[in-house]
There are 2 protein chains.
Amino acid sequence: MTTMDDVARIAGVSGSTVSHVLNGTRAVNERTRFRVLEAIESTGYRRNGLARSLAMQRTQTLGLAISVLSNPYFGSLVNTIEKVASAAGYTIVLADTHDDPEREEQTVNTLLDRQVDGLILAPASSSGGSNEVLDMVRASRTPVVLIDRFQDFPCDQYAPENFEPVRLLASHLLELGHRRIAAITGTRGLSTTIERTAGFIAAMAAAGIDRSAVLVEEGRSTADGGHAAMDRLLGLESPPTAVVSLNNAMTIGVMKSLRQAGLKVPKDVALVGFDDFEWADSFEPRLTTMAQDIESMATQAVQMLLQRIQGSDAPFARESIAPFMRHRNSCGCPD
Amino acid sequence: MTTMDDVARIAGVSGSTVSHVLNGTRAVNERTRFRVLEAIESTGYRRNGLARSLAMQRTQTLGLAISVLSNPYFGSLVNTIEKVASAAGYTIVLADTHDDPEREEQTVNTLLDRQVDGLILAPASSSGGSNEVLDMVRASRTPVVLIDRFQDFPCDQYAPENFEPVRLLASHLLELGHRRIAAITGTRGLSTTIERTAGFIAAMAAAGIDRSAVLVEEGRSTADGGHAAMDRLLGLESPPTAVVSLNNAMTIGVMKSLRQAGLKVPKDVALVGFDDFEWADSFEPRLTTMAQDIESMATQAVQMLLQRIQGSDAPFARESIAPFMRHRNSCGCPD
DNA sequence: CTGAAAGCGCTAACAA
DNA sequence: TTGTTAGCGCTTTCAG
């Protein structure tokens with residue numbers, strides 16, 4: 001491979017001049033400049049970003065550690081992050097945590113080793129108090145912002161509101177007269193799961209539903225998990241008349257289960273879900289959901305991260321993004 | 001930041017010993033080894049992957065250049081690629097081409113500058129003969145494999161079959177008695193668009209449909225585009241009785257348009273689409289589609305790329321991945 | 001079993 | 001306006 005020195009030799013100048021021509025970091029005589037450009041052209045020289053980054057102590061790179069699969073919004077999330085980041089001259093390095101603490105530690109380590117300038121992380125289940133991964137990040141002094149889930153850690157965090165939206169969803173079902181309502185819950189241990197489940201329980205409690213009649217089934221945040229959970233619910237001697245699915249993927253699984261059982265939504269079972277779908281307006285049943293504002297979350301997260309990279313020492317943000325209800329007909333309300 | 005030399009000093013050994021301890025690249029006395037590990041622990045040392053990569057001349061990094069938004073399978077694609085890559089010790093660097101030649105050149109350049117060990121590219125519209133971007137890649141001697149769309153260029157390529165599947169889709173509608181059928185086409189210029197459109201035209205021609213009665217409307221590969229295209233079709237004095245949407249996102253747009261017009265699928269208009277949805281089995285209308293085997297495409301692509309990185313000089317692969325039909329009820333067939 | 005030292009390719013102070 | 005040179009932090013050959 002041609003290096004900068006090769007180019008310099010050919011152009012009859014020093015390496016530093018080539019560097020400055022390339023980066024526009026100091027005035028260069030128009031003639032020499034031209035010779036350098038010519039030498040670059042003729043050799044097909046391409047600068048080595050690694051060497052550059054090593055010397056400059058920054059990589060213009062943002063690490064994104066997230067569970068690809070279990071994030072229903074992965075596409076728009078990445079899209080938004082990429083858009084904002086690349087507009088600021090940053091590239092995204094992606095690593096999948098699989099929502100598993102062990103993998104998470106691994107991937108975050110990889111990202112940190114690669115000297116990302118900043119890190120966006122959707123933290124995997126926090127096993128209670130301290131968070132080793134975040135401690136590692138802190139030790140590396142790499143700016144970090146958490147998305148999708150809050151953690152008890154001093155750093156910027158952007159995540160959806162969970163409790164209230166789910167409480168609303170469940171209340172809606174209650175208002176429609178349902179008394180036997182089930183919640184299909186996500187990956188155990190995630191703060192989102194905990195909060196959403198709490199919202200459901202709270203609604204049921206407020207309605208005076210007997211504790212023993214409150215159905216909570218684990219759907220592990222996946223379509224298959226949701227499917228299995230709904231199957232279990234249908235096997236009960238007194239199955240629920242309404243269901244609230246606590247995330248996107250599980251909602252699809254629940255629908256599959258219901259369809260296979262020959263049950264119609266909302267006629268036989270009412271269904272509402274956390275997380276919206278772009279197509280939800282056009283297919284029957286038209287799902288009543290709580291839609292998250294992913295773009296806003298992602299945009300804010302990246303912007304804050306970029307500020308931190310610039311050295312901002314503003315107090316840490318911890319912002320709840322409020323979902324909004326998409327009231328359609330799967331809950332049993334008329335169109 | 002602590003460097004390797006700091007660790008070496010503390011452990012009372014040379015830098016090279018620390019390096020070897022870290023990488024297990026040569027036998028080290030158990031005692032010195034321990035001292036080194038201890039020094040690492042005590043300092044919280046983290047190795048600088050940049051310096052390492054620079055010295056080793058490889059980054060263990062794969063570049064993924066793709067249009068995030070316009071790829072309906074982005075999620076599973078990335079998921080699969082990440083899975084295979086990370087199993088082989090590679091990290092993914094993501095760059096969005098936006099399916100725009102200019103942006104594509106930019107992003108590929110970034111990736112190449114960053115010294116990715118290999119590149120996976122979903123090429124943007126080829127403006128005819130030569131492909132500058134691919135020439136650049138070749139000049140850099142970076143192994144590359146193309147996905148999603150074929151190009152007239154000597155490198156490994158994995159893309160879906162387009163012509164035959166669409167021909168089949170259209171034929172099916174023809175067999176059901178439709179004579180006025182429209183195709184909603186994707187981004188102009190993409191090979192996929194061209195081939196799919198050709199498949200549609202071929203089916204119509206074979207059925208002896210008059211050329212002037214063959215409806216082809218541009219949907220630009222987006223939901224909005226599909227929506228608008230369908231709106232236009234509905235505005236015709238003699239609107240189509242059946243539609244084949246040539247990609248995922250557009251299918252949703254078409255459904256939106258139809259719903260807004262108060263039309264039912266398949267009763268008022270039959271609809272079939274290229275690209276499947278995970279939820280298509282559970283919502284009405286249940287879409288009849290051609291499902292791509294993304295995982296297989298992605299897996300093969302990454303594996304081949306890894307081989308190239310290892311130095312394989314096998315003849316270039318150019319593999320068509322055959323989609324398979326998901327026959328459901330949106331075409332008008334009974335369940 | 002271990003260390004010295006020469007790179008890897010670039011940036012940026014300093015000097016001219 | 002340009003060149004010299006000392007790093008950036010690591011790997012790896014060659015000696016010992």
# chains A, B, ... in the order shown; residues from 1 in each chain; ligands from 1
$ interface_residues --of "chain D" --to "chain B" --cutoff "7 Å" --atoms "only C-alpha atoms (C1' of nucleotides)" --output "JSON, numbers by chain"
{"D": [9, 10, 11]}
$ select_by_dssp --residues "range 61-308 of chain A" --states "strand (DSSP E or B)" --output "PyMOL selection string"
chain A and resi 61-66+91-96+118-121+144-147+156-160+181-185+215-218+242-245+270-274+284+288-291
$ residues_around --residues "range 277-292 of chain B" --least-positions-apart "4" --cutoff "7 Å" --atoms "only C-alpha atoms (C1' of nucleotides)" --output "list of chain:residue names"
A:Ile252, A:Met255, A:Lys256, A:Arg259, A:Phe283, A:Glu284, A:Pro285, B:Pro160, B:Pro165, B:Val265, B:Val272, B:Gly273, B:Pro323, B:Phe324, B:Met325, B:Arg326, B:His327, B:Arg328, B:Asn329, B:Ser330, B:Cys331
$ interface_residues --of "chain C" --to "chain A" --cutoff "9 Å" --atoms "only C-alpha atoms (C1' of nucleotides)" --output "list in words"
DC8, DG9, DC10, DT11 and DA12 of chain C
$ closest_residue --among "A:Ser245, A:Ser14, A:Asn109, A:Gln260" --to "DT4 in chain D" --atoms "only C-alpha atoms (C1' of nucleotides)"
A:Ser14
$ atom_distance --atom1 "CA of Asp313 in chain A" --atom2 "CA of Asp148 in chain A"
22.4 Å
$ closest_residue --among "B:Gly262, B:Gly219, B:Gly118, B:Gly311" --to "chain A" --atoms "only C-alpha atoms"
B:Gly262
$ closest_residue --among "A:Arg149, A:Arg26, A:Lys83, A:Arg308" --to "chain B" --atoms "only C-alpha atoms"
A:Lys83
$ atom_distance --atom1 "CA of Ala159 in chain A" --atom2 "CA of Leu69 in chain A"
18.1 Å
$ atom_distance --atom1 "CA of Gly12 in chain B" --atom2 "C1' of DG16 in chain D"
18.3 Å
$ residues_around --residues "range 239-242 of chain A" --least-positions-apart "6" --cutoff "7 Å" --atoms "only C-alpha atoms (C1' of nucleotides)" --output "PyMOL selection string"
chain A and resi 178+180-182+233+269-271
$ write_last_selection --atoms "C-alpha atoms" --output "short mmCIF file (atom, residue, chain, number, x, y, z; two decimals), in the first residue's frame"
data_model
loop_
_atom_site.label_atom_id
_atom_site.label_comp_id
_atom_site.auth_asym_id
_atom_site.auth_seq_id
_atom_site.Cartn_x
_atom_site.Cartn_y
_atom_site.Cartn_z
CA HIS A 178 -63.08 -6.77 31.20
CA ARG A 180 -60.08 -11.20 33.58
CA ILE A 181 -57.10 -9.54 31.91
CA ALA A 182 -53.65 -10.95 31.28
CA LEU A 233 -53.24 -18.58 29.00
CA VAL A 269 -60.37 -11.74 23.07
CA ALA A 270 -59.45 -8.07 23.25
CA LEU A 271 -55.81 -7.20 22.68
#
$ residues_around --residues "DA5 in chain C" --least-positions-apart "2" --cutoff "10 Å" --atoms "only C-alpha atoms (C1' of nucleotides)" --output "PDB file with N, CA and C atoms (P, O5', C5', C4', C3', O3' and C1' of nucleotides), in the first residue's frame"
ATOM      1  P    DG C   3      11.846  -8.690  30.666  1.00  0.00           P
ATOM      2  O5'  DG C   3      12.790  -8.070  29.558  1.00  0.00           O
ATOM      3  C5'  DG C   3      14.186  -8.243  29.697  1.00  0.00           C
ATOM      4  C4'  DG C   3      14.907  -7.560  28.555  1.00  0.00           C
ATOM      5  C3'  DG C   3      14.371  -6.177  28.209  1.00  0.00           C
ATOM      6  O3'  DG C   3      15.486  -5.346  27.918  1.00  0.00           O
ATOM      7  C1'  DG C   3      14.267  -7.568  26.292  1.00  0.00           C
ATOM      8  P    DG C   7      13.021  -0.229  10.626  1.00  0.00           P
ATOM      9  O5'  DG C   7      12.127   0.849  11.394  1.00  0.00           O
ATOM     10  C5'  DG C   7      10.857   1.216  10.852  1.00  0.00           C
ATOM     11  C4'  DG C   7       9.925   0.012  10.814  1.00  0.00           C
ATOM     12  C3'  DG C   7       8.537   0.423  10.355  1.00  0.00           C
ATOM     13  O3'  DG C   7       8.023  -0.511   9.437  1.00  0.00           O
ATOM     14  C1'  DG C   7       8.444  -0.427  12.593  1.00  0.00           C
TER      15       DG C   7
ATOM     16  P    DT D  13       7.722 -12.114  13.542  1.00  0.00           P
ATOM     17  O5'  DT D  13       9.258 -11.990  13.116  1.00  0.00           O
ATOM     18  C5'  DT D  13       9.652 -10.933  12.264  1.00  0.00           C
ATOM     19  C4'  DT D  13      10.954 -10.325  12.751  1.00  0.00           C
ATOM     20  C3'  DT D  13      12.095 -11.345  12.897  1.00  0.00           C
ATOM     21  O3'  DT D  13      13.203 -10.881  12.155  1.00  0.00           O
ATOM     22  C1'  DT D  13      11.907 -10.012  14.839  1.00  0.00           C
ATOM     23  P    DC D  14      14.360 -11.940  11.670  1.00  0.00           P
ATOM     24  O5'  DC D  14      15.483 -11.522  12.714  1.00  0.00           O
ATOM     25  C5'  DC D  14      15.678 -10.132  13.011  1.00  0.00           C
ATOM     26  C4'  DC D  14      16.463  -9.996  14.293  1.00  0.00           C
ATOM     27  C3'  DC D  14      17.491 -11.113  14.520  1.00  0.00           C
ATOM     28  O3'  DC D  14      18.733 -10.516  14.817  1.00  0.00           O
ATOM     29  C1'  DC D  14      16.185 -10.804  16.451  1.00  0.00           C
TER      30       DC D  14
END
$ select_by_dssp --residues "range 88-179 of chain B" --states "alpha helix (DSSP H)" --output "short mmCIF file (atom, residue, chain, number, x, y, z; two decimals) with all heavy atoms, in the first residue's frame"
data_model
loop_
_atom_site.label_atom_id
_atom_site.label_comp_id
_atom_site.auth_asym_id
_atom_site.auth_seq_id
_atom_site.Cartn_x
_atom_site.Cartn_y
_atom_site.Cartn_z
N PRO B 101 -25.94 7.14 -5.07
CA PRO B 101 -24.57 6.92 -5.54
C PRO B 101 -23.53 7.82 -4.87
O PRO B 101 -22.43 7.38 -4.54
CB PRO B 101 -24.67 7.21 -7.04
CG PRO B 101 -26.07 6.86 -7.38
CD PRO B 101 -26.88 7.26 -6.19
N GLU B 102 -23.91 9.05 -4.66
CA GLU B 102 -22.96 9.98 -4.06
C GLU B 102 -22.65 9.60 -2.61
O GLU B 102 -21.49 9.48 -2.21
CB GLU B 102 -23.55 11.39 -4.10
CG GLU B 102 -22.50 12.48 -4.16
CD GLU B 102 -23.14 13.77 -4.67
OE1 GLU B 102 -23.91 13.72 -5.65
OE2 GLU B 102 -22.88 14.81 -4.05
N ARG B 103 -23.72 9.41 -1.86
CA ARG B 103 -23.56 9.00 -0.47
C ARG B 103 -22.83 7.66 -0.41
O ARG B 103 -22.04 7.41 0.50
CB ARG B 103 -24.94 8.83 0.19
CG ARG B 103 -25.71 10.12 0.31
CD ARG B 103 -25.37 10.88 1.56
NE ARG B 103 -26.03 10.33 2.73
CZ ARG B 103 -25.57 10.50 3.97
NH1 ARG B 103 -24.46 11.18 4.17
NH2 ARG B 103 -26.22 9.99 4.99
N GLU B 104 -23.14 6.81 -1.33
CA GLU B 104 -22.52 5.50 -1.36
C GLU B 104 -20.99 5.64 -1.47
O GLU B 104 -20.24 4.99 -0.74
CB GLU B 104 -23.05 4.69 -2.54
CG GLU B 104 -22.42 3.33 -2.68
CD GLU B 104 -22.85 2.64 -3.96
OE1 GLU B 104 -22.99 3.33 -4.99
OE2 GLU B 104 -23.02 1.42 -3.94
N GLU B 105 -20.57 6.47 -2.39
CA GLU B 105 -19.13 6.65 -2.57
C GLU B 105 -18.50 7.17 -1.29
O GLU B 105 -17.45 6.70 -0.84
CB GLU B 105 -18.88 7.64 -3.71
CG GLU B 105 -17.40 7.92 -3.90
CD GLU B 105 -17.13 8.69 -5.17
OE1 GLU B 105 -18.03 8.76 -6.03
OE2 GLU B 105 -16.02 9.24 -5.30
N GLN B 106 -19.18 8.11 -0.69
CA GLN B 106 -18.72 8.70 0.55
C GLN B 106 -18.56 7.65 1.66
O GLN B 106 -17.51 7.54 2.29
CB GLN B 106 -19.80 9.69 0.98
CG GLN B 106 -19.35 10.89 1.73
CD GLN B 106 -20.57 11.80 1.91
OE1 GLN B 106 -21.21 11.78 2.95
NE2 GLN B 106 -20.92 12.53 0.88
N THR B 107 -19.61 6.91 1.86
CA THR B 107 -19.60 5.95 2.94
C THR B 107 -18.60 4.83 2.70
O THR B 107 -17.92 4.39 3.62
CB THR B 107 -20.99 5.31 3.14
OG1 THR B 107 -21.38 4.67 1.95
CG2 THR B 107 -22.01 6.33 3.53
N VAL B 108 -18.51 4.38 1.47
CA VAL B 108 -17.55 3.33 1.18
C VAL B 108 -16.13 3.84 1.42
O VAL B 108 -15.27 3.15 1.96
CB VAL B 108 -17.71 2.81 -0.26
CG1 VAL B 108 -16.55 1.92 -0.65
CG2 VAL B 108 -19.02 2.04 -0.38
N ASN B 109 -15.91 5.08 1.05
CA ASN B 109 -14.61 5.70 1.31
C ASN B 109 -14.29 5.71 2.80
O ASN B 109 -13.19 5.37 3.21
CB ASN B 109 -14.59 7.12 0.77
CG ASN B 109 -13.85 7.19 -0.53
OD1 ASN B 109 -12.81 6.53 -0.69
ND2 ASN B 109 -14.35 7.95 -1.48
N THR B 110 -15.24 6.13 3.58
CA THR B 110 -15.05 6.14 5.02
C THR B 110 -14.65 4.77 5.53
O THR B 110 -13.70 4.60 6.28
CB THR B 110 -16.36 6.54 5.73
OG1 THR B 110 -16.84 7.74 5.13
CG2 THR B 110 -16.13 6.75 7.20
N LEU B 111 -15.41 3.80 5.09
CA LEU B 111 -15.15 2.43 5.52
C LEU B 111 -13.74 1.99 5.12
O LEU B 111 -13.01 1.39 5.92
CB LEU B 111 -16.18 1.50 4.86
CG LEU B 111 -17.37 1.01 5.68
CD1 LEU B 111 -17.61 1.82 6.93
CD2 LEU B 111 -18.62 0.90 4.85
N LEU B 112 -13.38 2.29 3.92
CA LEU B 112 -12.06 1.90 3.42
C LEU B 112 -10.95 2.63 4.17
O LEU B 112 -9.94 2.04 4.54
CB LEU B 112 -11.98 2.20 1.92
CG LEU B 112 -12.17 1.06 0.90
CD1 LEU B 112 -12.89 -0.13 1.46
CD2 LEU B 112 -12.80 1.58 -0.36
N ASP B 113 -11.18 3.90 4.41
CA ASP B 113 -10.21 4.67 5.19
C ASP B 113 -9.99 4.03 6.55
O ASP B 113 -8.88 3.99 7.06
CB ASP B 113 -10.72 6.10 5.42
CG ASP B 113 -10.51 6.98 4.21
OD1 ASP B 113 -9.95 6.48 3.21
OD2 ASP B 113 -10.90 8.16 4.25
N GLU B 132 -17.79 3.25 -10.39
CA GLU B 132 -16.66 3.92 -9.75
C GLU B 132 -16.39 3.42 -8.34
O GLU B 132 -15.26 3.21 -7.95
CB GLU B 132 -16.91 5.43 -9.68
CG GLU B 132 -16.91 6.09 -11.03
CD GLU B 132 -17.03 7.60 -10.90
OE1 GLU B 132 -16.53 8.12 -9.87
OE2 GLU B 132 -17.60 8.24 -11.79
N VAL B 133 -17.47 3.27 -7.61
CA VAL B 133 -17.32 2.85 -6.23
C VAL B 133 -16.61 1.50 -6.16
O VAL B 133 -15.66 1.33 -5.40
CB VAL B 133 -18.68 2.77 -5.53
CG1 VAL B 133 -18.52 2.19 -4.14
CG2 VAL B 133 -19.31 4.14 -5.45
N LEU B 134 -17.07 0.58 -6.96
CA LEU B 134 -16.45 -0.74 -6.93
C LEU B 134 -15.01 -0.68 -7.42
O LEU B 134 -14.16 -1.44 -6.94
CB LEU B 134 -17.28 -1.72 -7.74
CG LEU B 134 -18.57 -2.13 -7.03
CD1 LEU B 134 -19.44 -3.01 -7.91
CD2 LEU B 134 -18.24 -2.85 -5.74
N ASP B 135 -14.73 0.21 -8.33
CA ASP B 135 -13.35 0.37 -8.77
C ASP B 135 -12.47 0.84 -7.62
O ASP B 135 -11.35 0.37 -7.44
CB ASP B 135 -13.28 1.36 -9.94
CG ASP B 135 -13.79 0.72 -11.24
OD1 ASP B 135 -13.73 -0.53 -11.34
OD2 ASP B 135 -14.25 1.46 -12.13
N MET B 136 -13.01 1.75 -6.85
CA MET B 136 -12.29 2.22 -5.67
C MET B 136 -11.99 1.07 -4.72
O MET B 136 -10.88 0.94 -4.21
CB MET B 136 -13.17 3.21 -4.90
CG MET B 136 -13.03 4.64 -5.28
SD MET B 136 -14.21 5.64 -4.30
CE MET B 136 -14.59 4.57 -2.91
N VAL B 137 -13.02 0.30 -4.49
CA VAL B 137 -12.85 -0.82 -3.58
C VAL B 137 -11.75 -1.75 -4.10
O VAL B 137 -10.87 -2.18 -3.37
CB VAL B 137 -14.16 -1.62 -3.43
CG1 VAL B 137 -13.94 -2.82 -2.54
CG2 VAL B 137 -15.25 -0.73 -2.87
N ARG B 138 -11.81 -2.02 -5.38
CA ARG B 138 -10.80 -2.89 -5.95
C ARG B 138 -9.41 -2.31 -5.77
O ARG B 138 -8.47 -3.00 -5.40
CB ARG B 138 -11.08 -3.12 -7.44
CG ARG B 138 -9.93 -3.87 -8.09
CD ARG B 138 -10.35 -4.53 -9.36
NE ARG B 138 -11.09 -3.61 -10.22
CZ ARG B 138 -11.73 -3.99 -11.32
NH1 ARG B 138 -11.72 -5.26 -11.68
NH2 ARG B 138 -12.36 -3.11 -12.06
N ALA B 139 -9.31 -1.01 -6.03
CA ALA B 139 -8.01 -0.36 -5.89
C ALA B 139 -7.46 -0.52 -4.47
O ALA B 139 -6.26 -0.60 -4.27
CB ALA B 139 -8.14 1.12 -6.25
N SER B 140 -8.35 -0.57 -3.52
CA SER B 140 -7.90 -0.68 -2.13
C SER B 140 -7.56 -2.13 -1.76
O SER B 140 -7.09 -2.40 -0.67
CB SER B 140 -8.99 -0.18 -1.19
OG SER B 140 -10.01 -1.15 -1.06
N PHE B 163 -36.84 -11.99 -11.27
CA PHE B 163 -37.71 -12.15 -12.44
C PHE B 163 -38.77 -13.23 -12.25
O PHE B 163 -39.98 -12.96 -12.29
CB PHE B 163 -36.84 -12.48 -13.66
CG PHE B 163 -37.61 -12.60 -14.94
CD1 PHE B 163 -37.75 -11.50 -15.78
CD2 PHE B 163 -38.17 -13.81 -15.31
CE1 PHE B 163 -38.46 -11.61 -16.96
CE2 PHE B 163 -38.89 -13.93 -16.49
CZ PHE B 163 -39.04 -12.83 -17.31
N GLU B 164 -38.30 -14.43 -12.03
CA GLU B 164 -39.21 -15.57 -11.95
C GLU B 164 -40.24 -15.45 -10.81
O GLU B 164 -41.43 -15.68 -11.04
CB GLU B 164 -38.38 -16.85 -11.81
CG GLU B 164 -39.16 -18.14 -11.89
CD GLU B 164 -39.95 -18.30 -13.18
OE1 GLU B 164 -39.65 -17.57 -14.15
OE2 GLU B 164 -40.86 -19.14 -13.20
N PRO B 165 -39.82 -15.09 -9.64
CA PRO B 165 -40.80 -14.96 -8.56
C PRO B 165 -41.92 -13.97 -8.89
O PRO B 165 -43.09 -14.25 -8.64
CB PRO B 165 -39.95 -14.46 -7.39
CG PRO B 165 -38.60 -14.97 -7.68
CD PRO B 165 -38.45 -14.93 -9.16
N VAL B 166 -41.56 -12.85 -9.47
CA VAL B 166 -42.58 -11.86 -9.78
C VAL B 166 -43.46 -12.37 -10.92
O VAL B 166 -44.68 -12.18 -10.92
CB VAL B 166 -41.95 -10.50 -10.16
CG1 VAL B 166 -43.02 -9.53 -10.65
CG2 VAL B 166 -41.23 -9.91 -8.95
N ARG B 167 -42.84 -13.05 -11.86
CA ARG B 167 -43.62 -13.63 -12.96
C ARG B 167 -44.68 -14.57 -12.38
O ARG B 167 -45.84 -14.56 -12.78
CB ARG B 167 -42.69 -14.41 -13.91
CG ARG B 167 -43.28 -14.62 -15.32
CD ARG B 167 -42.46 -15.55 -16.15
NE ARG B 167 -42.34 -16.89 -15.57
CZ ARG B 167 -43.34 -17.77 -15.51
NH1 ARG B 167 -44.53 -17.46 -16.00
NH2 ARG B 167 -43.17 -18.94 -14.94
N LEU B 168 -44.24 -15.35 -11.41
CA LEU B 168 -45.15 -16.29 -10.76
C LEU B 168 -46.29 -15.57 -10.05
O LEU B 168 -47.46 -15.97 -10.15
CB LEU B 168 -44.36 -17.10 -9.73
CG LEU B 168 -44.21 -18.60 -9.97
CD1 LEU B 168 -43.93 -18.89 -11.44
CD2 LEU B 168 -43.09 -19.17 -9.10
N LEU B 169 -45.94 -14.54 -9.33
CA LEU B 169 -46.92 -13.76 -8.59
C LEU B 169 -47.98 -13.21 -9.56
O LEU B 169 -49.19 -13.33 -9.32
CB LEU B 169 -46.19 -12.59 -7.91
CG LEU B 169 -46.17 -12.40 -6.39
CD1 LEU B 169 -46.42 -13.66 -5.61
CD2 LEU B 169 -44.85 -11.75 -5.97
N ALA B 170 -47.51 -12.62 -10.63
CA ALA B 170 -48.42 -12.03 -11.61
C ALA B 170 -49.26 -13.12 -12.28
O ALA B 170 -50.47 -12.95 -12.50
CB ALA B 170 -47.63 -11.23 -12.64
N SER B 171 -48.62 -14.22 -12.60
CA SER B 171 -49.33 -15.32 -13.25
C SER B 171 -50.48 -15.81 -12.39
O SER B 171 -51.55 -16.16 -12.88
CB SER B 171 -48.38 -16.49 -13.54
OG SER B 171 -47.33 -16.07 -14.36
N HIS B 172 -50.19 -15.84 -11.11
CA HIS B 172 -51.21 -16.30 -10.19
C HIS B 172 -52.46 -15.41 -10.28
O HIS B 172 -53.59 -15.90 -10.35
CB HIS B 172 -50.66 -16.31 -8.76
CG HIS B 172 -51.63 -16.81 -7.74
ND1 HIS B 172 -52.25 -18.03 -7.84
CD2 HIS B 172 -52.13 -16.23 -6.61
CE1 HIS B 172 -53.07 -18.20 -6.81
NE2 HIS B 172 -53.01 -17.11 -6.04
N LEU B 173 -52.23 -14.12 -10.32
CA LEU B 173 -53.36 -13.19 -10.42
C LEU B 173 -54.09 -13.39 -11.74
O LEU B 173 -55.32 -13.34 -11.81
CB LEU B 173 -52.85 -11.74 -10.31
CG LEU B 173 -52.27 -11.36 -8.95
CD1 LEU B 173 -51.69 -9.95 -9.00
CD2 LEU B 173 -53.32 -11.47 -7.85
N LEU B 174 -53.30 -13.63 -12.78
CA LEU B 174 -53.87 -13.86 -14.11
C LEU B 174 -54.76 -15.11 -14.08
O LEU B 174 -55.87 -15.12 -14.61
CB LEU B 174 -52.72 -14.08 -15.10
CG LEU B 174 -52.29 -13.01 -16.14
CD1 LEU B 174 -53.05 -11.70 -16.04
CD2 LEU B 174 -50.79 -12.79 -16.11
N GLU B 175 -54.26 -16.13 -13.43
CA GLU B 175 -55.00 -17.39 -13.37
C GLU B 175 -56.34 -17.21 -12.63
O GLU B 175 -57.29 -17.93 -12.88
CB GLU B 175 -54.18 -18.46 -12.63
CG GLU B 175 -53.16 -19.15 -13.52
CD GLU B 175 -52.09 -19.85 -12.69
OE1 GLU B 175 -52.33 -20.07 -11.48
OE2 GLU B 175 -51.01 -20.14 -13.25
#
